[in-house]
Amino acid sequence: MDFQYGWLLNLICYLPLAGALLMMAFINKENSTAIKAWATLVAGLDFAISIPLWFLYKPGGAEFQFATQFDWIPSVGVQYLFGVDGFAVLLILLTTLLGFIAVYSSFTAIADRQKEYYIFLLLLQTGMLGVFCSLDFILFYVFWEVMLVPMYFLIGVWGGPRRLYAAIKFFLYTLVGSVLMLVGILTLYFYNAGGLAAIGLQGLGNVATFSIPHLFTIAPMIPANVQFWVFLAFFVGFAIKVPMFPFHTWLPDAHVEAPTAGSVILAAVLLKMGTYGFIRFSLPLLPDATLKAVGWIGVLSIIAIVYGALVAMAQKDMKKLVAYSSVSHMGFITLGMFALNEAGLRGSILQMLNHGVSTGALFLLVGIVYERRHNRMIAEYGGLAKVMPLYATFFLIITLSSIGLPTLNGFIGEFLILIGAYNHSWVWALFAASGIVLGAAYMLWLYQRVFFGELTNDKNKDLADLNRREQWTLIPLVIIAFWIGLYPKPFIDRMAPTVDRVLERVAAAMPETETAAGRVAEIAAAPGEPAAGEHGE
Amino acid sequence: MTLAQFVPFLPEIFLAGAGFVVLLLGIPLGRRGVRPLTLIGVGSLAVTAVLVWLVGRPVDGPVAILGGMLVVDRMAVFFQLLMLASSAVALAMAAGFLERSRYGGGEYVSLVLFATLGTLIMASGGNLASLYVGLELMALSVYVLVGYFKLEVKSNEGAVKYFVLGAASSAILLYGISLIYGSLGTLDLAEIHASLVAVPSANPMLVLGIILVGFGMLFKVAAVPFHVWTPDAYEGAPTPVTAFISVAPKAAAFAMFMRLFLGAFAPEVEYWRMVLWVAAAATMIYGNVAALTQDNVKRMLAYSSIAHAGYALMGLVAANQMGAWALLMYMLVYSFMNLGAFGFVILLESKGYAGEEIVDYAGLARRHPGAALGMLIFMLALAGIPPTAGFMGKLYLFAAAVEGGYVVLTVIAVIMSAVSLYYYFRIVVQMYMRDGSEEGVVPAELLHDRWTEAMIAVCVVITLAVGIWPAPVVGWAKSAISAFGL
């Protein structure tokens with residue numbers, strides 16, 4: 001654990017909270033300009049101070065860096081333990097950037113109760129950042145639940161017509177998952193310490209602690225049956241968040257009803273919490289159960305990929321289409337992850353970023369046209385390329401990034417995942433590749449119906465093209481899409497230590513033969529120079 | 001017996017005296033005297049608290065006084081301070097409400113003081129007889145308080161139901177006590193414990209006695225299937241009384257429950273544990289599910305308090321060290337978050353009458369953002385969402401149950417606490433997502449009453465402070481349960 005610059009991580013995490021409290025106290029709710037300016041300043045500053053993490057993180061250094069540690073509730077071994085590895089750094093940067101964009105994109109979309117809106121957005125930001133920073137299970141859990149509350153309000157107050165239903169559904173679904181996860185956490189905690197009396201489970205007798213780095217060290221000692229139940233408890237929590245099939249039903253409701261910024265944050269960051277949880281906790285802490293679960297999680301992921309894509313294709317509502325495409329894309333991420341080899345895991349993490357960038361941008365784009373027309377039905381549009389050329393260009397770039405066109409980010413992620421999946425089993429790769437084809441189909445078809453052809457609907461004749469502010473919400477995402485697409489090495493470098501450590505921990509429970517495939521993948525997965533013919537399109 | 005032996009009993013003596021003084025002062029002061037009498041009541045509770053602290057401070061292990069009738073130990077001090085504090089908060093909240101009503105304050109304040117006295121004895125009783133006396137003193141005062149608005153049908157109905165069922169449960173409790181006395185020949189808790197440790201007994205008479213005492217206690221904490229009085233009594237009682245009875249008497253009942261089952265009857269744990277397991281599970285499930293459909297906030301909070309008794313019972317089922325201190329901590333946390341929530345019910349007035357319906361909260365966030373935020377915090381706390389004290393309280397109860405190995409019970413508990421979010425958030429939906437201007441809705445007025453508002457503020461501070469920095473309370477609760485030797 002490296003404690004250097006620990007204060008920086010705390011500052012990044014709590015700055016939005018402080019900003020929200022100051023806004024609550026000092027800014028008048030009628031003063032719309034000041035509210036927006038302040039929220040933008042806080043979110044922008046938060047992004048600015050998180051950039052140093054990118055440079056200060058030492059891939060060869062300690063596993064967790066920028067750490068802070070002190071006792072929080074000493075009598076039960078709860079610590080205030082902050083620290084991040086490269087994987088978390090990437091997600092924090094994604095969060096602060098998207099947080100800023102979410103604030104910046106809401107200026108005209110939200111007209112009612114602006115003060116509360118920006119307060120909730122900033123609180124949400126602290127909650128999400130805290131999840132990625134926490135290395136103590138209870139601290140992690142606190143942030144994990146805290147972030148549900150502002151999201152609930154964002155959907156419930158500023159959402160669409162069925163917002164109340166969608167908001168409470170979102171809250172209850174995730175809450176049920178997380179409380180079950182809590183039972184799993186407690187089981188691990190007592191297994192590490194005194195054991196569970198009535199069911200005769202002997203503990204290890206260590207000092208009671210919720211510290212995640214410590215629990216990593218006892219992972220190989222946890223017996224298989226305990227691993228199974230804890231894995232199941234974690235699985236429910238994370239799978240609902242991802243969401244994996246069949247726990248995905250809250251997602252379309254939440255996405256469709258949420259305001260644009262809410263959808264952006266939900267897609268870009270909140271869904272990543274589930275996959276983050278898998279990689280941070282399930283895989284390294286419960287390697288034995290992970291290996292046993294690979295088969296059925298693979299099946300669930302494949303169902304999500306194919307089913308999500310097919311349902312997306314049938315949607316008439318743009319936002320719903322993007323929402324179901326998320327189900328499909330998240331299926332890719334879990335598939336790559338549970339291939340349990342280097343290429344798959346790297347691709348999975350990279351695809352988490354890609355999905356955040358591309359889907360976040362797609363929701364922004366849908367929101368922009370919704371703001372003008374208050375209608376998201378695909379049938380209402382057509383020929384938009386003629387009146388909104390700039391909009392059409394951005395939409396095209398993001399569409400291509402989402403379907404994985406080479407030189408754009410989606411390609412690298414999907415390609416790595418495909419290699420990983422292929423190394424696990426060619427069946428996985430086959431289904432994954434079919435998902436890419438379907439993805440291209442529904443996205444390009446969407447693009448065709450909305451932008452090409454004649455301007456059939458008179459209401460669309462006078463639509464204004466993107467204004468300066470809207471362009472600037474999209475430009476950073478487009479830059480990142482190209483950056484990852486052309487030169488992903490800095491990203492891969494930063495996540496590599498995490499991937500190696502996770503695989504090392506999983507390998508402890510793995511029979512010798514299975515690891516060989518991973519080695520081959522390593523050679524094939526040299527990023528940036530993939531053979532075109534292997535790609536599944 | 002010398003006079004010096006009564007020194008540790010001073011807090012109780014003082015409180016009894018204060019109760020009589022207030023009762024007498026209430027006669028000449030009548031309705032005008034609500035605030036001065038409340039002030040005297042709160043003052044005497046504060047003095048009692050200081051006395052409790054002075055008496056209990058030097059004590060480390062249990063010290064038996066008055067021939068073993070009462071025991072002064074750290075747990076007694078914890079519970080007594082908690083009950084004095086929550087009674088004081090409940091009393092101060094009530095002042096404005098009583099002033100608006102047509103009933104005087106003298107009897108009200110003195111009854112609260114007497115009920116609090118009963119709860120003090122329940123927390124420190126060392127003998128089945130003294131515990132029973134404390135329980136009845138508390139219960140009789142509370143029956144009257146529930147029917148305090150004597151011209152209102154609901155208040156009367158609640159009081160009668162409570163009284164009839166309460167008397168029946170007291171009879172069951174007494175019967176259990178007599179069976180225990182019959183089998184062991186003593187009422188003293190320490191002696192019962194010692195004889196059960198020496199000779200663990202499967203004597204059916206004794207086991208039946210313990211189970212019957214358990215039933216009596218389950219009634220007092222409002223656990224399923226002995227909960228039926230709760231919704232009616234809570235709904236019928238004047239709101240400040242509901243606030244009071246949902247807190248101090250419940251905490252006292254749990255204190256007594258702990259003294260009996262984790263103390264005296266601990267060696268017989270294998271006989272009573274299953275009973276409490278079933279009661280805990282049934283209470284959590286029934287309380288939470290029944291609360292889902294309530295449109296009256298007081299009734300909803302009544303079912304919610306049933307559910308919370310279910311969570312707390314988990315600490316007894318676990319019957320381990322963590323379970324004991326988690327229960328102590330939970331009572332503290334629960335008291336203040338519940339009092340705070342009732343504070344808003346007290347302040348809300350609709351059409352000249354108490355705003356008890358959920359729709360009365362419509363649009364509160366627009367008109368009174370501060371109040372809505374406060375209520376939101378209490379609702380989050382009751383649902384057990386961090387960073388509020390409600391989460392920290394539940395966490396340790398769940399942890400204790402997992403440590404005991406009762407994972408199934410814990411899973412029931414966590415699922416039910418997720419369910420509870422739905423009904424607590426029905427109020428939040430009204431406050432934040434309805435604007436109260438829909439057709440046919442007359443938004444309720446939020447009255448201004450300095451005292452009630454101040455008490456709500458106290459509850460908000462405690463709920464947040466314990467949620468964010470729970471270490472001191474955890475440490476205190478942990479040190480308070482040394483008497484059980486768990």
# chains A, B, ... in the order shown; residues from 1 in each chain; ligands from 1

call {"tool": "interface_residues", "arguments": {"of": "chain B", "to": "chain A", "cutoff": "8 Å", "atoms": "only C-alpha atoms", "output": "PDB file with C-alpha atoms, in the first residue's frame"}}
result
ATOM      1  CA  ILE B 385     -29.721   3.282   4.270  1.00  0.00           C
ATOM      2  CA  PRO B 386     -26.273   4.722   5.030  1.00  0.00           C
ATOM      3  CA  PRO B 387     -24.887   7.141   6.044  1.00  0.00           C
ATOM      4  CA  PHE B 398     -27.244  -8.594  11.015  1.00  0.00           C
ATOM      5  CA  ALA B 399     -23.593  -9.237  11.756  1.00  0.00           C
ATOM      6  CA  VAL B 402     -24.440 -14.138  10.886  1.00  0.00           C
ATOM      7  CA  GLU B 403     -21.825 -14.713  13.566  1.00  0.00           C
ATOM      8  CA  GLY B 404     -24.322 -16.886  15.405  1.00  0.00           C
ATOM      9  CA  GLY B 405     -24.766 -18.785  12.162  1.00  0.00           C
ATOM     10  CA  TYR B 406     -28.386 -17.718  11.615  1.00  0.00           C
ATOM     11  CA  VAL B 407     -27.847 -16.885   7.985  1.00  0.00           C
ATOM     12  CA  THR B 410     -30.361 -12.669   8.287  1.00  0.00           C
ATOM     13  CA  VAL B 411     -31.421 -13.157   4.698  1.00  0.00           C
ATOM     14  CA  VAL B 414     -32.140  -7.988   4.783  1.00  0.00           C
ATOM     15  CA  ILE B 415     -34.839  -8.735   2.228  1.00  0.00           C
ATOM     16  CA  ALA B 418     -35.292  -3.726   1.429  1.00  0.00           C
ATOM     17  CA  VAL B 419     -39.080  -4.139   1.345  1.00  0.00           C
ATOM     18  CA  LEU B 421     -37.836   1.029   1.812  1.00  0.00           C
ATOM     19  CA  TYR B 422     -40.953   0.944  -0.315  1.00  0.00           C
ATOM     20  CA  VAL B 429     -42.586  10.342  -3.025  1.00  0.00           C
ATOM     21  CA  TYR B 432     -40.614  15.365  -3.332  1.00  0.00           C
ATOM     22  CA  MET B 433     -42.519  14.126  -6.339  1.00  0.00           C
ATOM     23  CA  TRP B 469     -19.065   8.308  13.375  1.00  0.00           C
ATOM     24  CA  PRO B 470     -20.520   5.319  15.243  1.00  0.00           C
ATOM     25  CA  ALA B 471     -17.338   4.371  17.089  1.00  0.00           C
ATOM     26  CA  VAL B 474     -20.361   1.163  19.641  1.00  0.00           C
ATOM     27  CA  GLY B 475     -17.657   1.390  22.284  1.00  0.00           C
TER      28      GLY B 475
END

call {"tool": "select_by_dssp", "arguments": {"residues": "region 240-454 of chain B", "states": "strand (DSSP E)", "output": "MDAnalysis selection string"}}
result
chainID B and resid 348:350 353:354 445:446

call {"tool": "closest_residue", "arguments": {"among": "B:Val333, B:Val466, B:Tyr175, B:Thr186", "to": "Leu382 (chain B)", "atoms": "only C-alpha atoms"}}
result
B:Val333

call {"tool": "closest_residue", "arguments": {"among": "A:Ala39, A:Leu310, A:Ala166, A:Val502", "to": "Ile279 (chain A)", "atoms": "only C-alpha atoms"}}
result
A:Val502

call {"tool": "residues_around", "arguments": {"residues": "Val103 (chain A)", "least_positions_apart": "3", "cutoff": "10 Å", "atoms": "only C-alpha atoms", "output": "list in words"}}
result
Lys36, Ala37, Ala39, Thr40, Leu41, Val42, Ala43, Gly44, Leu98, Gly99, Phe100, Ser106, Phe107, Tyr117, Tyr118, Leu121, Leu122, Ala261, Gly262 and Thr473 of chain A

call {"tool": "write_last_selection", "arguments": {"atoms": "C-alpha atoms", "output": "short mmCIF file (atom, residue, chain, number, x, y, z; two decimals), in the first residue's frame"}}
result
data_model
loop_
_atom_site.label_atom_id
_atom_site.label_comp_id
_atom_site.auth_asym_id
_atom_site.auth_seq_id
_atom_site.Cartn_x
_atom_site.Cartn_y
_atom_site.Cartn_z
CA LYS A 36 -25.30 26.13 -12.96
CA ALA A 37 -22.02 27.99 -12.75
CA ALA A 39 -22.15 23.02 -10.25
CA THR A 40 -20.08 23.22 -13.43
CA LEU A 41 -17.17 24.69 -11.53
CA VAL A 42 -17.25 21.97 -8.88
CA ALA A 43 -17.65 19.12 -11.36
CA GLY A 44 -15.01 20.59 -13.67
CA LEU A 98 -18.86 11.98 -17.25
CA GLY A 99 -19.94 13.76 -14.09
CA PHE A 100 -18.76 17.02 -15.53
CA SER A 106 -28.23 19.70 -18.20
CA PHE A 107 -28.31 23.48 -18.53
CA TYR A 117 -31.11 18.72 -9.30
CA TYR A 118 -27.50 19.83 -9.24
CA LEU A 121 -25.94 15.18 -9.25
CA LEU A 122 -22.99 16.24 -7.12
CA ALA A 261 -27.87 13.29 -17.52
CA GLY A 262 -29.28 10.56 -15.31
CA THR A 473 -20.29 17.90 -24.18
#

call {"tool": "select_by_dssp", "arguments": {"residues": "region 97-337 of chain A", "states": "alpha helix (DSSP H)", "output": "JSON, numbers by chain"}}
result
{"A": [97, 98, 99, 100, 101, 102, 103, 104, 114, 115, 116, 117, 118, 119, 120, 121, 122, 123, 124, 125, 126, 127, 128, 129, 130, 131, 132, 133, 137, 138, 139, 140, 141, 142, 143, 144, 145, 146, 148, 149, 150, 151, 152, 153, 154, 155, 156, 157, 158, 163, 164, 165, 166, 167, 168, 169, 170, 171, 172, 173, 174, 175, 176, 177, 178, 179, 180, 181, 182, 183, 184, 185, 186, 187, 188, 189, 190, 191, 192, 212, 213, 214, 215, 216, 217, 218, 224, 225, 226, 227, 228, 229, 230, 231, 232, 233, 234, 235, 236, 237, 238, 239, 240, 241, 250, 251, 252, 253, 254, 255, 256, 257, 260, 261, 262, 263, 264, 265, 271, 272, 273, 274, 275, 276, 277, 283, 284, 285, 287, 288, 289, 290, 291, 292, 293, 294, 295, 296, 297, 298, 299, 300, 301, 302, 303, 304, 305, 306, 307, 308, 309, 310, 311, 312, 313, 318, 319, 320, 321, 322, 323, 324, 325, 326, 327, 328, 329, 330, 331, 332, 333, 334, 335, 336, 337]}

call {"tool": "closest_residue", "arguments": {"among": "B:Pro36, B:Gly263, B:Gly26, B:Gly384", "to": "Val197 (chain B)", "atoms": "only C-alpha atoms"}}
result
B:Gly263

call {"tool": "closest_residue", "arguments": {"among": "A:Gly203, A:Gly367, A:Gly274, A:Pro213", "to": "His255 (chain A)", "atoms": "only C-alpha atoms"}}
result
A:Gly367
